[in-house]
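Everything below concerns the one structure shown next.
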Amino acid sequence: MVDTVVSALVALMQRLEMREGEPPAVGKQDIFRNAIWLRAPEGGLFLSRVKPGEEVRAGQTVGVLANLLGDAELVLPSPVDGRILGLAHDQFVLPGHGVANIGTRDGSDAP
């Protein structure tokens, strides 16, 4: 972690001409102008099935809601194609809690 921060600061100083040398090339950055929240329709234990930054397809399972007894699960599918920008880690949630923020590239919103 410290090495990453030091490298970033050195690159910044090079870019600002505060330090000699060429800064490293910056890669293309993805920009998401639209995003939707996937919300829990009911309370329970949210268990994620994807990771932050992962690409998802419409209908792909993002996570499941389990009841407190562990004998029932409700699958939460992605409503759109996109990338997981934010994700609730496995935790208890209430109805309406945002469990995943999914960025879309084409401006599509949830159905």
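FYI, nothing fancy with the structure tokens labels: chains A, B, ... in order, residues from 1 per chain, ligands from 1 as they appear.
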Pick out the residues sitting within 12 Å of A:Asn67, and hand them over as an MDAnalysis selection string; count only C-alpha atoms, and ignore anything fewer than 4 positions along from it in its own chain. chainID A and resid 42:47 71:75 91:94
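Residues surrounding A:Leu76 within 7 Å are Thr61, Val62, Gly63, Val64, Leu74 and Ser78 of chain A [only C-alpha atoms; sequence separation below 2 positions excluded].
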Next, write the just-selected residues to a file, as an mmCIF file, in the first residue's frame, keeping C-alpha atoms as the atom set.
data_model
loop_
_atom_site.group_PDB
_atom_site.id
_atom_site.type_symbol
_atom_site.label_atom_id
_atom_site.label_comp_id
_atom_site.auth_asym_id
_atom_site.auth_seq_id
_atom_site.Cartn_x
_atom_site.Cartn_y
_atom_site.Cartn_z
ATOM 1 C CA THR A 61 -26.875 -12.819 -9.853
ATOM 2 C CA VAL A 62 -25.373 -9.922 -7.889
ATOM 3 C CA GLY A 63 -26.212 -11.423 -4.522
ATOM 4 C CA VAL A 64 -28.804 -13.230 -2.472
ATOM 5 C CA LEU A 74 -34.023 -14.579 -2.656
ATOM 6 C CA SER A 78 -28.663 -7.238 -12.092
#
Problem - alpha helix (DSSP H) positions in chain A, given as a list of chain:residue names - result: A:Val2, A:Asp3, A:Thr4, A:Val5, A:Val6, A:Ser7, A:Ala8, A:Leu9, A:Val10, A:Ala11, A:Leu12, A:Met13, A:Gln14, A:Arg15
Selected residues written out with C-alpha atoms, as a PDB file, in the first residue's frame:
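Full text of again.pdb as output:
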ATOM      1  CA  VAL A   2       2.764   2.434   0.915  1.00  0.00           C
ATOM      2  CA  ASP A   3       4.584   1.683  -2.359  1.00  0.00           C
ATOM      3  CA  THR A   4       1.440   2.531  -4.349  1.00  0.00           C
ATOM      4  CA  VAL A   5       1.057   5.878  -2.593  1.00  0.00           C
ATOM      5  CA  VAL A   6       4.744   6.734  -3.033  1.00  0.00           C
ATOM      6  CA  SER A   7       4.585   5.864  -6.748  1.00  0.00           C
ATOM      7  CA  ALA A   8       1.493   8.029  -7.194  1.00  0.00           C
ATOM      8  CA  LEU A   9       3.123  10.995  -5.431  1.00  0.00           C
ATOM      9  CA  VAL A  10       6.315  10.693  -7.484  1.00  0.00           C
ATOM     10  CA  ALA A  11       4.258  10.574 -10.707  1.00  0.00           C
ATOM     11  CA  LEU A  12       2.290  13.648  -9.597  1.00  0.00           C
ATOM     12  CA  MET A  13       5.471  15.556  -8.801  1.00  0.00           C
ATOM     13  CA  GLN A  14       6.901  14.626 -12.222  1.00  0.00           C
ATOM     14  CA  ARG A  15       3.717  15.762 -13.952  1.00  0.00           C
TER      15      ARG A  15
END
Distance in Å - atom CA of A:Ile36 versus atom CA of A:Val80:
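Calculated distance between atom CA of A:Ile36 and atom CA of A:Val80 is 8.6 Å.
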Between atom CA of A:Leu87 and atom CA of A:Val50 lies a distance of 8.6 Å
From atom CA of A:Gly96 to atom CA of A:Arg57 the spacing works out at 22.1 Å
In terms of only C-alpha atoms, the residue from A:His97, A:Lys28, A:Arg83, A:Arg19 at minimal distance from A:Leu65 is A:His97
- Task: Tell me, as a PyMOL selection string, which residues lie within 10 Å of A:Asp30, counting only C-alpha atoms; anything in the same chain fewer than 3 positions away does not count.
- Result: chain A and resi 27+33+105
- DSSP strand (DSSP E) selection over stretch 1-110 of chain A, as an MDAnalysis selection string: chainID A and resid 34:39 44:48 55:56 61:66 73:77 82:87 91:93 98:104
Store the residues of this selection in a file with N, CA and C atoms, as a short mmCIF file (atom, residue, chain, number, x, y, z; two decimals), in the first residue's frame.
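Saved result, part00.cif, follows:
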data_model
loop_
_atom_site.label_atom_id
_atom_site.label_comp_id
_atom_site.auth_asym_id
_atom_site.auth_seq_id
_atom_site.Cartn_x
_atom_site.Cartn_y
_atom_site.Cartn_z
N ASN A 34 -24.08 7.27 -15.85
CA ASN A 34 -25.33 6.80 -15.28
C ASN A 34 -25.06 5.57 -14.43
N ALA A 35 -25.81 5.45 -13.39
CA ALA A 35 -25.71 4.29 -12.52
C ALA A 35 -27.07 4.07 -11.87
N ILE A 36 -27.31 2.83 -11.52
CA ILE A 36 -28.57 2.51 -10.83
C ILE A 36 -28.24 1.78 -9.54
N TRP A 37 -29.12 1.89 -8.60
CA TRP A 37 -28.98 1.16 -7.35
C TRP A 37 -29.84 -0.09 -7.39
N LEU A 38 -29.24 -1.20 -7.03
CA LEU A 38 -29.99 -2.43 -6.81
C LEU A 38 -30.32 -2.43 -5.33
N ARG A 39 -31.61 -2.47 -5.01
CA ARG A 39 -32.04 -2.37 -3.61
C ARG A 39 -32.67 -3.66 -3.13
N GLY A 44 -33.00 -8.88 5.42
CA GLY A 44 -32.35 -10.18 5.56
C GLY A 44 -30.85 -10.04 5.50
N LEU A 45 -30.18 -11.15 5.37
CA LEU A 45 -28.73 -11.17 5.27
C LEU A 45 -28.35 -11.13 3.80
N PHE A 46 -27.71 -10.03 3.36
CA PHE A 46 -27.26 -9.91 1.97
C PHE A 46 -25.91 -10.58 1.84
N LEU A 47 -25.81 -11.49 0.86
CA LEU A 47 -24.56 -12.19 0.56
C LEU A 47 -24.21 -11.90 -0.90
N SER A 48 -23.12 -11.18 -1.11
CA SER A 48 -22.75 -10.80 -2.48
C SER A 48 -22.18 -11.99 -3.23
N GLU A 55 -17.61 -6.69 -14.14
CA GLU A 55 -18.63 -6.47 -15.16
C GLU A 55 -19.77 -7.47 -14.93
N VAL A 56 -21.00 -7.00 -15.05
CA VAL A 56 -22.16 -7.89 -14.90
C VAL A 56 -23.07 -7.74 -16.10
N THR A 61 -26.68 -12.94 -11.30
CA THR A 61 -26.88 -12.82 -9.85
C THR A 61 -25.81 -11.91 -9.25
N VAL A 62 -26.26 -10.84 -8.60
CA VAL A 62 -25.37 -9.92 -7.89
C VAL A 62 -25.20 -10.39 -6.46
N GLY A 63 -26.26 -10.93 -5.89
CA GLY A 63 -26.21 -11.42 -4.52
C GLY A 63 -27.51 -12.11 -4.18
N VAL A 64 -27.58 -12.60 -2.96
CA VAL A 64 -28.80 -13.23 -2.47
C VAL A 64 -29.15 -12.65 -1.11
N LEU A 65 -30.42 -12.68 -0.81
CA LEU A 65 -30.90 -12.31 0.53
C LEU A 65 -31.33 -13.59 1.22
N ALA A 66 -30.74 -13.85 2.35
CA ALA A 66 -31.11 -15.04 3.13
C ALA A 66 -31.88 -14.59 4.37
N GLU A 73 -33.65 -18.26 0.41
CA GLU A 73 -32.83 -17.26 -0.25
C GLU A 73 -33.62 -16.62 -1.38
N LEU A 74 -33.42 -15.32 -1.56
CA LEU A 74 -34.02 -14.58 -2.66
C LEU A 74 -32.88 -14.08 -3.53
N VAL A 75 -32.84 -14.49 -4.79
CA VAL A 75 -31.78 -14.09 -5.71
C VAL A 75 -32.01 -12.65 -6.16
N LEU A 76 -30.96 -11.84 -6.16
CA LEU A 76 -31.04 -10.45 -6.62
C LEU A 76 -30.24 -10.33 -7.92
N PRO A 77 -30.92 -10.32 -9.07
CA PRO A 77 -30.22 -10.22 -10.35
C PRO A 77 -29.96 -8.76 -10.74
N GLY A 82 -23.55 -3.78 -16.93
CA GLY A 82 -22.75 -2.68 -16.41
C GLY A 82 -21.61 -3.17 -15.55
N ARG A 83 -21.09 -2.27 -14.73
CA ARG A 83 -19.98 -2.58 -13.83
C ARG A 83 -20.38 -2.27 -12.39
N ILE A 84 -19.98 -3.12 -11.49
CA ILE A 84 -20.26 -2.91 -10.07
C ILE A 84 -19.36 -1.78 -9.57
N LEU A 85 -19.95 -0.62 -9.28
CA LEU A 85 -19.20 0.53 -8.79
C LEU A 85 -19.16 0.57 -7.27
N GLY A 86 -20.18 0.08 -6.64
CA GLY A 86 -20.26 0.03 -5.19
C GLY A 86 -21.01 -1.21 -4.78
N LEU A 87 -20.62 -1.78 -3.65
CA LEU A 87 -21.23 -3.04 -3.23
C LEU A 87 -21.25 -3.15 -1.72
N GLN A 91 -23.83 -8.46 4.83
CA GLN A 91 -24.35 -7.78 6.02
C GLN A 91 -25.87 -7.90 6.08
N PHE A 92 -26.41 -7.59 7.24
CA PHE A 92 -27.86 -7.55 7.39
C PHE A 92 -28.37 -6.24 6.80
N VAL A 93 -29.46 -6.32 6.04
CA VAL A 93 -30.02 -5.13 5.39
C VAL A 93 -31.51 -5.05 5.68
N GLY A 98 -29.66 -0.04 -0.36
CA GLY A 98 -28.89 -0.17 -1.60
C GLY A 98 -27.78 -1.19 -1.40
N VAL A 99 -27.86 -2.30 -2.14
CA VAL A 99 -26.85 -3.35 -1.97
C VAL A 99 -25.79 -3.30 -3.06
N ALA A 100 -26.09 -2.69 -4.22
CA ALA A 100 -25.10 -2.57 -5.29
C ALA A 100 -25.40 -1.35 -6.14
N ASN A 101 -24.35 -0.64 -6.54
CA ASN A 101 -24.47 0.47 -7.46
C ASN A 101 -23.84 0.00 -8.77
N ILE A 102 -24.63 -0.01 -9.83
CA ILE A 102 -24.19 -0.57 -11.11
C ILE A 102 -24.11 0.56 -12.14
N GLY A 103 -22.90 0.82 -12.63
CA GLY A 103 -22.68 1.85 -13.63
C GLY A 103 -22.98 1.31 -15.02
N THR A 104 -23.65 2.13 -15.84
CA THR A 104 -23.97 1.73 -17.21
C THR A 104 -23.26 2.67 -18.18
#
